[in-house]
$ cat entry-v1.csv   # CSV, C-alpha atoms and all ligand atoms
chain,number,residue,atom,x,y,z
R,276,MET,CA,123.2,159.3,93.5
R,277,THR,CA,125.4,162.0,92.1
R,278,THR,CA,128.7,162.9,93.7
R,279,GLN,CA,129.1,166.4,95.1
R,280,PRO,CA,132.0,168.5,96.2
R,281,ALA,CA,132.9,167.6,99.8
R,282,TYR,CA,131.0,169.6,102.4
R,283,THR,CA,133.2,171.9,104.4
R,284,SER,CA,132.5,174.0,107.5
R,285,SER,CA,133.4,177.7,107.1
R,286,THR,CA,131.6,181.0,106.7
R,287,LEU,CA,129.2,182.2,104.0
R,288,SER,CA,130.8,182.5,100.6
R,289,ASP,CA,129.9,182.7,97.0
R,290,VAL,CA,130.4,179.8,94.6
R,291,GLY,CA,129.3,179.9,90.9
R,292,GLY,CA,127.1,182.9,91.6
R,293,GLU,CA,125.2,181.0,94.4
R,294,ARG,CA,125.3,182.0,98.1
R,295,VAL,CA,126.8,179.0,99.9
R,296,ASN,CA,125.9,178.5,103.6
R,297,ARG,CA,128.7,176.7,105.3
R,298,SER,CA,127.7,177.7,108.8
R,299,GLY,CA,127.8,175.6,112.0
R,300,PHE,CA,124.0,175.2,111.6
R,301,GLY,CA,124.6,173.5,108.2
R,302,THR,CA,127.1,171.1,109.7
R,303,LYS,CA,124.8,170.2,112.5
R,304,ALA,CA,121.8,169.8,110.2
R,305,VAL,CA,123.8,167.5,107.9
R,306,TRP,CA,124.8,165.3,110.8
R,307,PHE,CA,121.2,165.2,112.0
R,308,PHE,CA,120.0,164.0,108.6
R,309,ARG,CA,122.8,161.4,108.5
R,310,ALA,CA,121.8,160.2,112.0
R,311,LEU,CA,118.2,159.6,110.8
R,312,LEU,CA,119.7,156.9,108.4
R,313,LEU,CA,120.3,154.7,111.4
R,314,VAL,CA,116.6,154.6,112.4
R,315,PRO,CA,115.6,151.6,110.2
R,316,PHE,CA,118.5,149.5,111.5
R,317,VAL,CA,117.7,150.4,115.1
R,318,LEU,CA,114.0,149.6,114.7
R,319,MET,CA,114.8,146.1,113.3
R,320,ALA,CA,117.7,145.3,115.6
R,321,PRO,CA,115.8,143.7,118.5
R,322,GLU,CA,114.0,141.2,116.2
R,323,VAL,CA,117.2,140.3,114.4
R,324,ILE,CA,119.1,139.8,117.7
R,325,SER,CA,116.3,137.7,119.0
R,326,ALA,CA,116.3,135.5,115.9
R,327,LEU,CA,120.1,135.1,116.1
R,328,ARG,CA,119.7,134.0,119.7
R,329,GLY,CA,117.2,131.4,118.6
R,330,SER,CA,114.1,132.9,120.1
R,331,PRO,CA,111.0,130.9,119.0
R,332,ASP,CA,109.2,133.9,117.4
R,333,GLY,CA,112.4,135.5,116.1
R,334,VAL,CA,112.2,134.6,112.4
R,335,ALA,CA,108.4,135.0,112.3
R,336,ASN,CA,108.6,138.5,113.8
R,337,ILE,CA,111.2,139.5,111.2
R,338,SER,CA,109.0,138.1,108.4
R,339,ALA,CA,106.1,140.2,109.7
R,340,SER,CA,108.1,143.4,110.0
R,341,VAL,CA,110.7,143.4,107.3
R,342,ALA,CA,108.7,144.7,104.3
R,343,ASP,CA,106.8,147.3,106.3
R,344,VAL,CA,109.8,148.7,108.2
R,345,LEU,CA,112.6,148.4,105.7
R,346,GLY,CA,110.4,148.9,102.6
R,347,THR,CA,108.9,152.1,104.0
R,348,SER,CA,112.3,153.3,105.2
R,349,THR,CA,114.0,152.6,101.8
R,350,PHE,CA,111.2,154.6,100.1
R,351,LEU,CA,111.5,157.5,102.5
R,352,ILE,CA,115.3,157.6,102.1
R,353,PHE,CA,114.9,157.5,98.3
R,354,ILE,CA,112.4,160.4,98.4
R,355,LEU,CA,114.6,162.5,100.6
R,356,MET,CA,117.5,161.9,98.3
R,357,LEU,CA,115.4,163.0,95.3
R,358,ALA,CA,114.3,166.1,97.3
R,359,VAL,CA,117.9,167.4,97.5
R,360,THR,CA,118.0,168.9,94.0
R,361,PRO,CA,114.5,170.5,94.1
R,362,VAL,CA,115.3,172.1,97.5
R,363,TYR,CA,118.5,173.6,95.9
R,364,THR,CA,116.5,174.8,92.9
R,365,MET,CA,113.9,176.5,95.1
R,366,THR,CA,116.1,178.0,97.8
R,367,GLY,CA,119.7,178.1,96.4
R,368,TRP,CA,120.9,176.3,99.6
R,369,ARG,CA,123.9,174.1,99.2
R,370,TRP,CA,124.7,173.0,102.7
R,371,HIS,CA,122.5,169.9,102.2
R,372,THR,CA,123.7,168.7,98.7
R,373,VAL,CA,126.3,166.3,100.3
R,374,LEU,CA,123.3,164.3,101.6
R,375,ARG,CA,122.4,163.2,98.1
R,376,ARG,CA,125.2,160.7,98.0
R,377,ASP,CA,124.9,159.7,101.7
R,378,TYR,CA,121.2,159.0,101.2
R,379,GLY,CA,121.8,157.1,98.0
R,380,ILE,CA,124.3,154.8,99.7
R,381,ALA,CA,122.0,154.4,102.8
R,382,MET,CA,119.1,153.6,100.5
R,383,PHE,CA,121.0,150.7,99.0
R,384,ALA,CA,122.1,149.4,102.5
R,385,THR,CA,118.5,149.5,103.7
R,386,ALA,CA,117.1,147.9,100.5
R,387,ALA,CA,119.8,145.2,100.5
R,388,THR,CA,119.0,144.4,104.1
R,389,ASP,CA,115.3,144.2,103.2
R,390,LEU,CA,116.0,141.8,100.4
R,391,THR,CA,118.4,139.6,102.5
R,392,LEU,CA,116.0,139.3,105.4
R,393,ALA,CA,113.0,138.7,103.1
R,394,ALA,CA,115.0,135.9,101.3
R,395,ILE,CA,115.8,134.3,104.7
R,396,THR,CA,112.7,134.7,106.8
R,397,THR,CA,109.5,135.1,104.7
R,398,GLY,CA,108.9,131.3,104.0
R,399,ASP,CA,105.8,131.4,106.2
R,400,THR,CA,104.1,134.0,103.8
R,401,PHE,CA,105.7,132.8,100.5
R,402,PRO,CA,106.3,129.0,100.9
R,403,GLY,CA,108.9,127.6,98.4
R,404,THR,CA,112.5,128.3,97.7
R,405,VAL,CA,114.5,131.4,98.2
R,406,LEU,CA,113.6,132.4,94.6
R,407,THR,CA,109.9,132.2,95.5
R,408,ARG,CA,110.5,134.5,98.5
R,409,VAL,CA,112.2,137.2,96.3
R,410,GLY,CA,110.5,136.7,93.0
R,411,GLY,CA,107.5,134.4,93.4
R,412,HIS,CA,105.0,137.2,92.7
R,413,THR,CA,105.3,140.1,90.3
R,414,PHE,CA,105.2,142.6,93.3
R,415,LEU,CA,108.2,140.7,94.9
R,416,ALA,CA,110.1,140.7,91.5
R,417,ALA,CA,109.5,144.5,91.2
R,418,GLY,CA,110.9,145.0,94.8
R,419,THR,CA,113.9,142.8,94.1
R,420,LEU,CA,114.5,144.4,90.7
R,421,SER,CA,114.4,147.9,92.4
R,422,THR,CA,117.0,146.7,94.9
R,423,LEU,CA,119.3,145.1,92.3
R,424,LEU,CA,119.2,148.3,90.1
R,425,LEU,CA,120.6,150.2,93.0
R,426,ILE,CA,123.9,148.2,92.7
R,427,PRO,CA,125.3,150.0,89.6
R,428,LEU,CA,124.2,153.3,91.1
R,429,VAL,CA,125.9,152.8,94.4
R,430,VAL,CA,129.1,151.3,92.8
R,431,THR,CA,129.5,154.4,90.6
R,432,ALA,CA,128.6,157.0,93.2
R,433,ASN,CA,132.3,158.1,93.6
R,434,GLN,CA,134.8,160.3,91.9
R,435,PRO,CA,137.1,157.5,90.4
R,436,ALA,CA,134.0,155.8,88.8
R,437,GLN,CA,132.8,159.2,87.5
R,438,GLN,CA,136.2,159.8,85.9
R,439,TRP,CA,136.4,156.3,84.5
R,440,LEU,CA,132.9,156.4,83.0
R,441,GLY,CA,133.3,160.0,81.7
R,442,ARG,CA,130.3,161.1,79.6
R,443,HIS,CA,128.5,157.7,80.3
R,444,TRP,CA,128.4,158.4,84.0
R,445,LYS,CA,125.2,160.5,83.8
R,446,GLY,CA,123.6,157.8,81.8
R,447,VAL,CA,124.3,155.3,84.5
R,448,GLN,CA,123.0,157.7,87.2
R,449,ARG,CA,119.7,158.0,85.1
R,450,LEU,CA,118.9,154.5,86.3
R,451,THR,CA,117.6,156.4,89.4
R,452,TYR,CA,114.5,157.2,87.3
R,453,VAL,CA,114.1,153.6,86.3
R,454,VAL,CA,114.2,152.6,90.0
R,455,TRP,CA,111.6,155.3,90.7
R,456,GLY,CA,109.4,153.6,88.2
R,457,THR,CA,110.0,150.0,89.4
R,458,ILE,CA,109.3,151.1,93.0
R,459,LEU,CA,106.0,152.7,92.0
R,460,VAL,CA,105.1,149.5,90.1
R,461,HIS,CA,106.0,147.4,93.2
R,462,LEU,CA,103.6,149.6,95.3
R,463,PHE,CA,100.9,149.6,92.7
R,464,LEU,CA,100.9,145.8,92.4
R,465,LEU,CA,100.8,145.6,96.2
R,466,PHE,CA,98.2,148.2,97.0
R,467,GLY,CA,96.5,149.2,93.7
R,468,LEU,CA,95.1,152.7,93.7
R,469,SER,CA,94.9,152.9,97.5
R,470,ALA,CA,96.7,154.5,100.4
R,471,ILE,CA,100.4,153.8,100.2
R,472,PHE,CA,100.5,154.0,96.4
R,473,ILE,CA,98.6,157.3,96.4
R,474,ASP,CA,101.0,158.6,99.1
R,475,ALA,CA,104.0,157.5,96.9
R,476,VAL,CA,102.5,159.4,93.9
R,477,ALA,CA,101.8,162.5,96.1
R,478,VAL,CA,105.5,162.7,97.3
R,479,SER,CA,106.8,162.0,93.7
R,480,ALA,CA,104.6,164.5,91.8
R,481,PRO,CA,106.3,167.7,93.2
R,482,LEU,CA,109.8,166.2,92.8
R,483,VAL,CA,109.0,165.3,89.1
R,484,PHE,CA,107.5,168.8,88.5
R,485,MET,CA,110.6,170.6,89.9
R,486,ARG,CA,112.8,168.4,87.6
R,487,LEU,CA,111.0,169.6,84.4
R,488,PRO,CA,113.7,171.5,82.5
R,489,LEU,CA,111.4,174.5,81.8
R,490,VAL,CA,110.3,174.8,85.5
R,491,ARG,CA,113.9,174.3,86.8
R,492,ARG,CA,115.3,176.9,84.4
R,493,TRP,CA,112.5,179.4,85.2
R,494,TRP,CA,112.8,179.0,89.0
R,495,THR,CA,116.6,179.2,89.0
R,496,ALA,CA,116.6,182.4,86.9
R,497,ALA,CA,113.8,184.1,88.9
R,498,ARG,CA,115.5,183.2,92.2
R,499,ARG,CA,118.9,184.6,91.0
R,500,ARG,CA,117.2,187.8,89.8
R,501,GLY,CA,115.1,188.0,93.0
R,502,SER,CA,111.9,188.3,90.8
R,503,ARG,CA,108.5,186.6,90.8
R,504,ARG,CA,108.6,186.2,94.6
R,505,PHE,CA,104.9,186.0,95.0
R,506,VAL,CA,104.4,183.3,92.3
R,507,ARG,CA,107.3,181.3,93.7
R,508,ALA,CA,106.0,181.5,97.2
R,509,VAL,CA,102.5,180.3,96.2
R,510,ALA,CA,104.0,177.5,94.1
R,511,ALA,CA,106.3,176.5,96.9
R,512,VAL,CA,103.5,176.3,99.4
R,513,ALA,CA,101.4,174.2,96.9
R,514,LEU,CA,104.3,171.8,96.1
R,515,VAL,CA,105.3,171.4,99.8
R,516,GLY,CA,101.6,170.8,100.6
R,517,VAL,CA,101.2,168.0,98.1
R,518,PHE,CA,104.5,166.5,99.1
R,519,SER,CA,103.4,166.6,102.8
R,520,LEU,CA,100.1,164.9,102.0
R,521,GLY,CA,102.1,161.8,101.0
R,522,PHE,CA,105.1,162.2,103.2
R,523,VAL,CA,103.3,162.5,106.6
R,524,PRO,CA,101.3,159.3,106.3
R,525,LEU,CA,104.4,157.4,105.2
R,526,VAL,CA,106.4,158.6,108.2
R,527,HIS,CA,103.3,157.7,110.4
R,528,GLU,CA,103.3,154.2,108.8
R,529,LEU,CA,107.0,153.8,109.7
R,530,ALA,CA,106.4,155.1,113.3
R,531,VAL,CA,103.6,152.6,113.9
R,532,LYS,CA,105.1,149.5,112.2
R,533,GLY,CA,108.6,150.4,113.3
R,534,SER,CA,107.7,150.8,117.0
R,535,ALA,CA,105.8,147.5,116.9
R,536,ALA,CA,108.9,145.8,115.4
R,537,PHE,CA,111.2,147.5,118.0
R,538,VAL,CA,109.1,146.0,120.9
R,539,GLN,CA,108.9,142.7,119.0
R,540,ASN,CA,105.2,142.8,118.7
R,541,PRO,CA,104.5,143.1,114.9
R,542,ASN,CA,101.1,142.8,113.4
R,543,ARG,CA,101.0,139.5,111.6
R,544,ASP,CA,98.4,140.3,108.9
C,1,LIG,C1,114.0,149.6,96.6
C,1,LIG,C2,113.4,148.6,97.3
C,1,LIG,C3,112.1,148.6,97.9
C,1,LIG,C4,111.2,149.6,98.3
C,1,LIG,C5,111.5,151.1,98.2
C,1,LIG,C6,110.0,149.1,98.9
C,1,LIG,C7,109.0,149.8,99.4
C,1,LIG,C8,107.9,149.2,100.0
C,1,LIG,C9,106.9,150.0,100.7
C,1,LIG,C10,106.9,151.5,100.9
C,1,LIG,C11,106.0,149.1,101.2
C,1,LIG,C12,104.7,149.4,102.0
C,1,LIG,C13,105.0,149.0,103.5
C,1,LIG,C14,103.8,149.0,104.4
C,1,LIG,O1,102.8,148.4,104.1
C,1,LIG,O2,103.9,149.6,105.5
C,1,LIG,C15,106.4,147.8,100.7
C,1,LIG,C16,105.7,146.6,101.0
C,1,LIG,C17,106.2,145.4,100.7
C,1,LIG,N1,107.4,145.0,100.1
C,1,LIG,FE1,108.7,146.4,99.4
C,1,LIG,N2,110.2,147.7,98.8
C,1,LIG,C18,111.4,147.4,98.3
C,1,LIG,C19,111.9,146.1,98.1
C,1,LIG,C20,111.3,144.9,98.4
C,1,LIG,C21,111.8,143.6,98.3
C,1,LIG,C22,113.2,143.3,97.9
C,1,LIG,C23,110.9,142.7,98.7
C,1,LIG,C24,110.9,141.2,98.8
C,1,LIG,C25,111.6,140.5,98.1
C,1,LIG,C26,109.7,143.5,99.1
C,1,LIG,C27,108.5,143.0,99.5
C,1,LIG,C28,107.4,143.7,100.0
C,1,LIG,C29,106.2,143.1,100.5
C,1,LIG,C30,105.9,141.6,100.6
C,1,LIG,C31,105.4,144.2,100.9
C,1,LIG,C32,104.0,144.1,101.6
C,1,LIG,C33,104.1,144.2,103.1
C,1,LIG,C34,102.8,144.1,103.8
C,1,LIG,O3,101.9,144.9,103.4
C,1,LIG,O4,102.6,143.3,104.7
C,1,LIG,N3,110.0,144.8,98.9
C,1,LIG,N4,107.6,147.9,100.0

$ encode --input "entry-v1.csv" --output "C-alpha cells"
Amino acid sequence: MTTQPAYTSSTLSDVGGERVNRSGFGTKAVWFFRALLLVPFVLMAPEVISALRGSPDGVANISASVADVLGTSTFLIFILMLAVTPVYTMTGWRWHTVLRRDYGIAMFATAATDLTLAAITTGDTFPGTVLTRVGGHTFLAAGTLSTLLLIPLVVTANQPAQQWLGRHWKGVQRLTYVVWGTILVHLFLLFGLSAIFIDAVAVSAPLVFMRLPLVRRWWTAARRRGSRRFVRAVAAVALVGVFSLGFVPLVHELAVKGSAAFVQNPNRD
C-alpha cells in the first residue's frame, strides 16, 4: 500500500525518463477502477438492510453470503493492488499507480466489513462465542489474522506516516507479503489443492515472477532501450495468460455468489 505522487490530469510529459500518460482517458480509467471498489458493498447491501429491518432470514442470509462475497472481493482487490507495479514494469504506464493506495484502503474496508459481519452473523455455522466465529478454526484464524495485519498497512499508507517512519516505512509495507502468505494459508486450509486455492496461486505466480529483482531490472532496462521486444511480448502473453486462468474463475465466483446475495437468495451449503 505504498503512497504515490498525486495523480493529475494534463498532457503527456516525461518524468524520471518515463513517459507519463496524464490524458483524459487515464482520468476516466482511474475513476472506473475506483467505482469497481463499491461493488462488494452494493452486492451485500440488500441482505444487510433486510437484517437491520428485522427480516426473519436477514442474519442467516448474511451468514451464507459474507465469506463468499466479501472474501472473494477482498482477494480480487488485493490482487489488483499487487498488479499495479508489474503493469508499470511491463508497460511504463503511470496513470494507474495512484490506484495502489486506493485499492489498499478499499481492501482493508472490505476485509474489515467481512470480519465484522462474520463475527456478528455466523453463529449458525460456527456455534459458540464471537471468538469461535472469528478464530474457532485455523482457517478462520488465518482470515482474521490477514485482516488484522492490514491495520498497520492502512494506517501508514499516507505521507505523514511515511515521513515519521523514515527508513522503517518500507519494512512496515513489506507486511503486504506476509498478508499474501496468510491469505494463501487461509485458502489452502479451506479448499486444499482445489479450485479456489489453485486460482489464487495462478493469479499470484505472475505477480511474484515480475517482482523478482532480476526480472524487474531486465524488463525495465529492455523497455527503456526498446530492445527484446519479441521476448517481452511472448513473456507478457504467457504471464497474462496464467494470471487470467486464476482471475476469470474468481470473478465468475463473485458474479454468481454476489448476484445470489444481491437478490437475497444465497446458497446455504
Ligand atoms: C484478507 C482477508 C480475507 C480474504 C482475502 C479472504 C478470502 C477468501 C476467499 C477468496 C474465499 C473463497 C470464497 C468462495 O468460496 O467463494 C474465502 C472463504 C472463506 N472465508 Fe475468507 N478471506 C478473508 C478473511 C476472512 C475472515 C476474517 C473470515 C472469518 C472470520 C473468513 C472466513 C471464511 C470462510 C468461513 C470461508 C468459506 C466460505 C464458504 O466456502 O462457504 N475469511 N475467503

$ residues_near_ligand --input "entry-v1.csv" --ligand "ligand LIG 1 (chain C)" --cutoff "8 Å" --atoms "all atoms listed in the file" --output "number ranges by chain"
R: 339-351, 353, 382-383, 386-387, 389-391, 393-394, 408-410, 414-422, 425, 454, 458, 461-462, 465, 471, 475, 525, 528-529, 532, 544

$ atom_distance --input "entry-v1.csv" --atom1 "atom CA of Thr360 of chain R" --atom2 "atom CA of Gly501 of chain R"
19.3 Å

$ closest_residue --input "entry-v1.csv" --among "R:Ala530, R:Ala381, R:Ala536, R:Val362" --to "Ala310 of chain R" --atoms "only C-alpha atoms"
R:Ala381

$ residues_around --input "entry-v1.csv" --residues "Ser338 of chain R" --least-positions-apart "5" --cutoff "10 Å" --atoms "all atoms listed in the file" --output "VMD selection string"
chain R and resid 322 332 to 333 343 392 to 400 541 543

$ closest_residue --input "entry-v1.csv" --among "R:Asn542, R:Thr431, R:Ser479, R:Ser502" --to "Ser519 of chain R" --atoms "all atoms listed in the file"
R:Ser479

$ closest_residue --input "entry-v1.csv" --among "R:Trp444, R:Trp370, R:Phe300, R:Phe484" --to "Leu514 of chain R" --atoms "all atoms listed in the file"
R:Phe484

$ closest_residue --input "entry-v1.csv" --among "R:Val323, R:Val317, R:Ala535, R:Leu312" --to "Gly379 of chain R" --atoms "all atoms listed in the file"
R:Leu312

$ closest_residue --input "entry-v1.csv" --among "R:Asn336, R:Thr366, R:Gln434, R:Thr495" --to "Pro321 of chain R" --atoms "all atoms listed in the file"
R:Asn336

$ atom_distance --input "entry-v1.csv" --atom1 "atom CA of Val314 of chain R" --atom2 "atom CA of Phe522 of chain R"
16.6 Å

$ build_atoms --input "entry-v1.csv" --residues "segment 299-326 of chain R" --atoms "N, CA and C atoms" --output "short mmCIF file (atom, residue, chain, number, x, y, z; two decimals), in the coordinates of the input"
data_model
loop_
_atom_site.label_atom_id
_atom_site.label_comp_id
_atom_site.auth_asym_id
_atom_site.auth_seq_id
_atom_site.Cartn_x
_atom_site.Cartn_y
_atom_site.Cartn_z
N GLY R 299 127.87 176.71 111.01
CA GLY R 299 127.80 175.60 112.00
C GLY R 299 126.44 174.97 111.96
N PHE R 300 125.39 175.79 111.68
CA PHE R 300 124.00 175.20 111.60
C PHE R 300 123.99 174.16 110.49
N GLY R 301 124.59 174.49 109.32
CA GLY R 301 124.60 173.50 108.20
C GLY R 301 125.25 172.24 108.58
N THR R 302 126.39 172.32 109.27
CA THR R 302 127.10 171.10 109.70
C THR R 302 126.25 170.26 110.61
N LYS R 303 125.62 170.94 111.60
CA LYS R 303 124.80 170.20 112.50
C LYS R 303 123.59 169.56 111.83
N ALA R 304 122.98 170.31 110.91
CA ALA R 304 121.80 169.80 110.20
C ALA R 304 122.21 168.57 109.35
N VAL R 305 123.37 168.63 108.69
CA VAL R 305 123.80 167.50 107.90
C VAL R 305 123.99 166.25 108.76
N TRP R 306 124.59 166.44 109.94
CA TRP R 306 124.80 165.30 110.80
C TRP R 306 123.47 164.76 111.38
N PHE R 307 122.50 165.68 111.60
CA PHE R 307 121.20 165.20 112.00
C PHE R 307 120.54 164.35 110.95
N PHE R 308 120.60 164.82 109.70
CA PHE R 308 120.00 164.00 108.60
C PHE R 308 120.74 162.71 108.40
N ARG R 309 122.06 162.71 108.64
CA ARG R 309 122.80 161.40 108.50
C ARG R 309 122.39 160.49 109.65
N ALA R 310 122.19 161.02 110.86
CA ALA R 310 121.80 160.20 112.00
C ALA R 310 120.47 159.47 111.75
N LEU R 311 119.56 160.17 111.05
CA LEU R 311 118.20 159.60 110.80
C LEU R 311 118.38 158.25 109.99
N LEU R 312 119.48 158.12 109.24
CA LEU R 312 119.70 156.90 108.40
C LEU R 312 119.86 155.65 109.23
N LEU R 313 120.14 155.83 110.54
CA LEU R 313 120.30 154.70 111.40
C LEU R 313 118.98 154.10 111.88
N VAL R 314 117.92 154.94 111.77
CA VAL R 314 116.60 154.60 112.40
C VAL R 314 116.12 153.19 111.90
N PRO R 315 116.11 152.87 110.57
CA PRO R 315 115.60 151.60 110.20
C PRO R 315 116.34 150.40 110.83
N PHE R 316 117.65 150.55 110.97
CA PHE R 316 118.50 149.50 111.50
C PHE R 316 118.21 149.32 113.04
N VAL R 317 118.03 150.48 113.71
CA VAL R 317 117.70 150.40 115.10
C VAL R 317 116.36 149.77 115.36
N LEU R 318 115.38 150.11 114.51
CA LEU R 318 114.00 149.60 114.70
C LEU R 318 114.02 148.04 114.48
N MET R 319 114.83 147.53 113.56
CA MET R 319 114.80 146.10 113.30
C MET R 319 115.77 145.30 114.19
N ALA R 320 116.69 145.99 114.87
CA ALA R 320 117.70 145.30 115.60
C ALA R 320 117.20 144.30 116.66
N PRO R 321 116.19 144.67 117.51
CA PRO R 321 115.80 143.70 118.50
C PRO R 321 115.26 142.38 117.92
N GLU R 322 114.50 142.47 116.81
CA GLU R 322 114.00 141.20 116.20
C GLU R 322 115.13 140.40 115.61
N VAL R 323 116.09 141.06 114.98
CA VAL R 323 117.20 140.30 114.40
C VAL R 323 118.06 139.67 115.48
N ILE R 324 118.31 140.42 116.57
CA ILE R 324 119.10 139.80 117.70
C ILE R 324 118.38 138.64 118.28
N SER R 325 117.06 138.78 118.48
CA SER R 325 116.30 137.70 119.00
C SER R 325 116.36 136.44 118.14
N ALA R 326 116.24 136.67 116.82
CA ALA R 326 116.30 135.50 115.90
C ALA R 326 117.67 134.88 115.94
#
